[in-house]
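*Asks:* Can you keep this structure in mind? I'll have questions shortly.
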Amino acid sequence: MKVMDSFRIVWRNLWRMKLRTALTSVGVMIGTAAIVAMMALSLGLKESAVKSLENFGNLTEMDVEPLRWYEENGEWIDVPEDKVKKLNMQAVQELKKISGIQAVMPIKELREQAKLKVGRREGYVQLIGVDVNESAAYRKNDIEKGSYLTGAPQEIVVAFDVSREMRDVEKEKREERRRKAGAGRHEMSQMPPPDIGGGEALAFNLVDRAGTLILSREYRIDDEPKYEKKELRVKVVGQLKKSEERNSSAAVYVPINVVKELNEWVTRSRGDEVEEGASRRSRDKAKKDTFEFDRITVKVESREKVEGVVKALKEKGFEVWSPARELETINNFFFVIQMVLGGIAAISLLVATIGIVNTMIMSILERTKEIGIMKVIGATVLNIRWLFLMESGFIGLIGGLAGLGMAWGAVELVNYFGASGGLLDSLNMGYGGGSGDPEAEPTKLAVIPSWLAFFAIGFSFIIGVLAGIFPAIRASRLSALQAIRSE
């Protein structure tokens, strides 16, 4: 029997008992719609929770630090000091080997506060050294004005609020002198307040301007404190976008080698405060020590790989400080929810399966003579089984397609009433990611991803085929002569 002939026979039989086929498919439709709707709701809520978590930071970027304690059997255990990981170049190479990590960006901060002076404006900033080669590909997207670091030691990139926190000191001093000179009340009321992060500062542009980084240190000579100043000529090449994720609004980013040299200059005089023997021992120890970073930021390839990367980092003795730590808890919670909701909805699909079995057995009883004739004219056992399996499979497929359409309509209604009723806002899940982009697509209460739609269609077809196995075997075992004689 040709395949096209078998499909024509199946379609003719289903159409001949179209009312029974439709009623049987309704059971599959309800079961499929229930499963898809329940899964869509749990997936939507999970996506909303994850996006809401992104308000606290980028989930694909996380700070890595040494693991100093861990929990075992409800007790916190300290990691031995000799087992604590060191954030050095060896750790960087180890992190790069972890599957899923796209970039490893070591960070070193200046131990002292520095002053940035550009023109007449100046302000205290926090110098942060970054590995330009590792971070350039990802930090370029954070630039609002100018460009990112190229590695030149005199280049700096400033955070969004640096220019707003820099003050015109000379202007403030003039205004202070005018006030002390006894200006009248009216004149004082007309006098603008000192420029501290407002007014003119909002329009102050630092990009492509030369400036000076000023550092100072204290050292002792014969127990007398002395102070030394160091000035470093720099050029502001870029300004970062405004972001709530930044640890410091006064951050200035420079190549990591610059911070390393400045830290050595700041701490160089500490040996002068102790005895010569102790100083010599300190220098010997310093030679043995390796350079360590304050923290290391890793960039994960995608959000789907974050959970696996966090697990791998902990296994290697690192601690992760990122909202991504909560992903595992969220995924486990919603996995249980999906299993419970899917199990409840699967009961209706089980009932539909029994309905398909009943329909196919009734079909055998009504078509006993037809089956006998088919066997007499040469139809094999495999042909008979194939026909009945395809009939039951198509009943499941029709119900699956209808159920998917029904679930899609239900999901659209849930999303519409959820948005219009303010339910998303009350859950604080209206707009994930914290980007503030008015054009960003709002988070939905329920979503039907493409894989769920294809799964629903394929699963309903397989359910139909499985339900037709017993009737198909029964039909193929009928005796041809007895089938022809039956009335």
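Naming works like this for the structure tokens: A, B, ... for the chains as they're shown, residue 1 at the start of each chain, ligands 1 onward in shown order.
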Taking 3 positions as the minimum chain separation for residues in the same chain, which residues sit within 9 Å of Gly317 of chain A when counting only C-alpha atoms? Answer as a short mmCIF file (atom, residue, chain, number, x, y, z; two decimals) with C-alpha atoms, in the first residue's frame.
*Replies:*
data_model
loop_
_atom_site.label_atom_id
_atom_site.label_comp_id
_atom_site.auth_asym_id
_atom_site.auth_seq_id
_atom_site.Cartn_x
_atom_site.Cartn_y
_atom_site.Cartn_z
CA PRO A 66 38.15 34.07 47.16
CA LEU A 67 35.88 31.65 49.04
CA ARG A 68 36.66 32.09 52.75
CA LYS A 83 43.70 27.06 50.86
CA VAL A 84 42.18 30.47 50.13
CA LYS A 85 42.51 31.38 46.47
CA ALA A 312 31.85 25.82 38.54
CA LEU A 313 33.30 28.89 40.28
CA LYS A 314 32.26 27.63 43.71
#
*Asks:* May I have the residues within 12 Å of Phe334 of chain A as a PyMOL selection string, using only C-alpha atoms and disregarding those fewer than 6 positions away in the same chain?
*Replies:* chain A and resi 38-50+327-328+340-342
*Asks:* Would you save the residues of that selection, restricted to C-alpha atoms, as a PDB file, in the first residue's frame?
*Replies:*
ATOM      1  CA  MET A  38      -0.123  26.412  32.811  1.00  0.00           C
ATOM      2  CA  MET A  39       3.421  26.141  31.458  1.00  0.00           C
ATOM      3  CA  ALA A  40       3.140  29.535  29.763  1.00  0.00           C
ATOM      4  CA  LEU A  41       2.065  31.148  33.040  1.00  0.00           C
ATOM      5  CA  SER A  42       4.942  29.625  35.012  1.00  0.00           C
ATOM      6  CA  LEU A  43       7.462  30.539  32.281  1.00  0.00           C
ATOM      7  CA  GLY A  44       6.147  34.108  32.162  1.00  0.00           C
ATOM      8  CA  LEU A  45       6.380  34.534  35.930  1.00  0.00           C
ATOM      9  CA  LYS A  46       9.879  33.070  35.919  1.00  0.00           C
ATOM     10  CA  GLU A  47      10.971  35.461  33.170  1.00  0.00           C
ATOM     11  CA  SER A  48       9.465  38.361  35.112  1.00  0.00           C
ATOM     12  CA  ALA A  49      11.317  37.328  38.270  1.00  0.00           C
ATOM     13  CA  VAL A  50      14.632  37.045  36.411  1.00  0.00           C
ATOM     14  CA  LEU A 327      19.134  32.320  39.707  1.00  0.00           C
ATOM     15  CA  GLU A 328      19.486  28.769  40.983  1.00  0.00           C
ATOM     16  CA  VAL A 340       2.867  20.696  39.675  1.00  0.00           C
ATOM     17  CA  LEU A 341       0.859  22.734  37.165  1.00  0.00           C
ATOM     18  CA  GLY A 342       1.824  20.438  34.282  1.00  0.00           C
TER      19      GLY A 342
END
*Asks:* Might you pull out every residue within 7 Å of Trp321 of chain A, with only C-alpha atoms counted and same-chain residues fewer than 6 positions away left off, and present them as a list in words?
*Replies:* Met62, Asp63 and Val64 of chain A
*Asks:* Can you spit out the residues from that selection as a short mmCIF file (atom, residue, chain, number, x, y, z; two decimals), in the first residue's frame, using all heavy atoms?
*Replies:*
data_model
loop_
_atom_site.label_atom_id
_atom_site.label_comp_id
_atom_site.auth_asym_id
_atom_site.auth_seq_id
_atom_site.Cartn_x
_atom_site.Cartn_y
_atom_site.Cartn_z
N MET A 62 29.67 39.17 36.82
CA MET A 62 29.71 38.92 38.26
C MET A 62 31.12 39.11 38.80
O MET A 62 32.11 38.85 38.10
CB MET A 62 29.21 37.50 38.56
CG MET A 62 29.96 36.40 37.84
SD MET A 62 29.15 34.80 37.99
CE MET A 62 27.80 35.02 36.82
N ASP A 63 31.19 39.61 40.01
CA ASP A 63 32.47 39.81 40.68
C ASP A 63 32.87 38.52 41.39
O ASP A 63 32.05 37.90 42.09
CB ASP A 63 32.38 40.95 41.69
CG ASP A 63 32.24 42.31 41.01
OD1 ASP A 63 32.68 42.41 39.85
OD2 ASP A 63 31.71 43.24 41.63
N VAL A 64 34.11 38.14 41.21
CA VAL A 64 34.64 36.90 41.80
C VAL A 64 35.66 37.25 42.87
O VAL A 64 36.55 38.07 42.64
CB VAL A 64 35.28 36.03 40.70
CG1 VAL A 64 35.90 34.78 41.32
CG2 VAL A 64 34.25 35.65 39.65
#
*Asks:* If you take only C-alpha atoms and a cut-off of 8 Å, which residues of segment 104-141 of chain A touch segment 154-167 of chain A, and what are their nearest atom pairs and distances in Å to one decimal, in chain and number order, as a tab-separated table?
*Replies:*
residue	atom	partner	partner_atom	distance
A:Arg121	CA	A:Arg167	CA	5.1
A:Glu122	CA	A:Met166	CA	5.0
A:Gly123	CA	A:Met166	CA	4.5
A:Tyr124	CA	A:Met166	CA	7.7
A:Val125	CA	A:Val162	CA	7.5
*Asks:* Could you write those residues out with all heavy atoms, as a compact mmCIF listing (two decimals), in the first residue's frame?
*Replies:*
# COMPACT_ATOMS: atom_id res chain seq x y z
N ARG A 121 37.83 73.30 37.35
CA ARG A 121 37.05 72.38 38.17
C ARG A 121 37.92 71.26 38.72
O ARG A 121 38.86 70.80 38.06
CB ARG A 121 35.89 71.79 37.37
CG ARG A 121 34.84 72.82 36.98
CD ARG A 121 33.73 72.16 36.20
NE ARG A 121 32.70 73.10 35.85
CZ ARG A 121 31.61 73.34 36.56
NH1 ARG A 121 31.41 72.67 37.69
NH2 ARG A 121 30.72 74.22 36.18
N GLU A 122 37.56 70.81 39.91
CA GLU A 122 38.30 69.72 40.51
C GLU A 122 37.37 68.95 41.45
O GLU A 122 36.36 69.47 41.92
CB GLU A 122 39.52 70.24 41.27
CG GLU A 122 39.19 71.21 42.39
CD GLU A 122 40.44 71.74 43.05
OE1 GLU A 122 41.25 72.39 42.34
OE2 GLU A 122 40.59 71.51 44.27
N GLY A 123 37.73 67.71 41.71
CA GLY A 123 36.94 66.88 42.59
C GLY A 123 37.68 65.59 42.91
O GLY A 123 38.56 65.16 42.15
N TYR A 124 37.33 65.01 44.04
CA TYR A 124 37.97 63.75 44.45
C TYR A 124 37.32 62.58 43.71
O TYR A 124 36.09 62.52 43.58
CB TYR A 124 37.86 63.57 45.96
CG TYR A 124 38.77 64.49 46.73
CD1 TYR A 124 38.30 65.69 47.26
CD2 TYR A 124 40.12 64.16 46.89
CE1 TYR A 124 39.15 66.53 47.96
CE2 TYR A 124 40.98 65.01 47.58
CZ TYR A 124 40.49 66.19 48.11
OH TYR A 124 41.34 67.04 48.78
N VAL A 125 38.15 61.66 43.25
CA VAL A 125 37.69 60.52 42.47
C VAL A 125 38.34 59.25 43.00
O VAL A 125 39.33 59.30 43.75
CB VAL A 125 38.01 60.68 40.96
CG1 VAL A 125 37.28 61.86 40.38
CG2 VAL A 125 39.52 60.82 40.75
*Asks:* Which of segment 258-420 of chain A counts as alpha helix (DSSP H) under DSSP, as a PyMOL selection string please?
*Replies:* chain A and resi 258-267+276-288+306-315+327-366+368-376+381-420
*Asks:* In Å, how far is it from atom CA of Gly146 of chain A to atom CA of Arg209 of chain A?
*Replies:*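 Value for the atom CA of Gly146 of chain A-atom CA of Arg209 of chain A distance: 10.8 Å.
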*Asks:* Val3 of chain A: which residues within 12 Å, counting only C-alpha atoms, same-chain residues fewer than 5 positions away excluded, as a VMD selection string?
*Replies:* chain A and resid 8 to 10 383 386 to 387 390
*Asks:* Go through A:Gln90, A:Asp294, A:Glu75, A:Thr267 one by one, measure the shortest atom-to-atom distance of each to Glu218 of chain A using only C-alpha atoms, and give the residue with the smallest value.
*Replies:*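 Once distances to Glu218 of chain A are computed over only C-alpha atoms, the minimum belongs to A:Thr267.
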*Asks:* Using backbone DSSP assignments, extract all strand (DSSP E or B) residues from segment 305-420 of chain A; output them as JSON, numbers by chain.
*Replies:* {"A": [318, 319, 320, 321]}
*Asks:* At what distance in Å, to one decimal, does atom CA of Ser392 of chain A lie from atom CA of Trp15 of chain A?
*Replies:* 13.1 Å
*Asks:* Within 9 Å of Lys260 of chain A, counting only C-alpha atoms, which residues qualify if same-chain residues fewer than 4 places away don't, as a PyMOL selection string?
*Replies:* chain A and resi 108-110+129+256+264-265+291
*Asks:* With N, CA, C and O atoms retained, write the just-selected residues as a PDB file, in the first residue's frame.
*Replies:*
ATOM      1  N   LYS A 108      41.896  46.470  39.874  1.00  0.00           N
ATOM      2  CA  LYS A 108      42.724  46.911  40.991  1.00  0.00           C
ATOM      3  C   LYS A 108      42.409  48.373  41.275  1.00  0.00           C
ATOM      4  O   LYS A 108      42.427  49.207  40.368  1.00  0.00           O
ATOM      5  N   GLU A 109      42.115  48.696  42.524  1.00  0.00           N
ATOM      6  CA  GLU A 109      41.761  50.058  42.903  1.00  0.00           C
ATOM      7  C   GLU A 109      42.924  50.735  43.612  1.00  0.00           C
ATOM      8  O   GLU A 109      43.721  50.084  44.297  1.00  0.00           O
ATOM      9  N   LEU A 110      42.993  52.066  43.456  1.00  0.00           N
ATOM     10  CA  LEU A 110      44.004  52.845  44.155  1.00  0.00           C
ATOM     11  C   LEU A 110      43.639  52.912  45.631  1.00  0.00           C
ATOM     12  O   LEU A 110      42.486  53.149  45.990  1.00  0.00           O
ATOM     13  N   GLY A 129      41.644  50.510  38.253  1.00  0.00           N
ATOM     14  CA  GLY A 129      42.433  49.964  37.149  1.00  0.00           C
ATOM     15  C   GLY A 129      41.766  48.749  36.544  1.00  0.00           C
ATOM     16  O   GLY A 129      41.324  47.850  37.265  1.00  0.00           O
ATOM     17  N   ILE A 256      45.235  49.079  34.174  1.00  0.00           N
ATOM     18  CA  ILE A 256      45.562  48.496  35.471  1.00  0.00           C
ATOM     19  C   ILE A 256      47.020  48.722  35.855  1.00  0.00           C
ATOM     20  O   ILE A 256      47.349  48.832  37.051  1.00  0.00           O
ATOM     21  N   GLU A 264      52.235  51.460  44.306  1.00  0.00           N
ATOM     22  CA  GLU A 264      53.617  51.282  44.762  1.00  0.00           C
ATOM     23  C   GLU A 264      54.195  52.604  45.243  1.00  0.00           C
ATOM     24  O   GLU A 264      54.926  52.646  46.243  1.00  0.00           O
ATOM     25  N   TRP A 265      53.861  53.693  44.557  1.00  0.00           N
ATOM     26  CA  TRP A 265      54.369  55.003  44.963  1.00  0.00           C
ATOM     27  C   TRP A 265      53.761  55.431  46.292  1.00  0.00           C
ATOM     28  O   TRP A 265      54.446  55.961  47.174  1.00  0.00           O
ATOM     29  N   PHE A 291      51.672  39.942  42.663  1.00  0.00           N
ATOM     30  CA  PHE A 291      50.688  41.023  42.572  1.00  0.00           C
ATOM     31  C   PHE A 291      49.280  40.438  42.570  1.00  0.00           C
ATOM     32  O   PHE A 291      48.981  39.515  41.818  1.00  0.00           O
TER      33      PHE A 291
END
*Asks:* Quick one: distance from atom CA of Gln93 of chain A to atom CA of Tyr148 of chain A in Å, one decimal?
*Replies:* 24.2 Å
*Asks:* Need the shell around segment 447-459 of chain A: protein/DNA/RNA residues with any atom at most 12 Å away, counting only C-alpha atoms. Skip same-chain ones fewer than 3 positions apart. Format as a ChimeraX atom specification?
*Replies:* /A:28-48,342,346,349,353,393-415,442-444,462-466
*Asks:* Considering only C-alpha atoms, can you say which of A:Leu149, A:Leu262, A:Met374, A:Ile128 comes closest to Gln239 of chain A?
*Replies:* A:Leu149
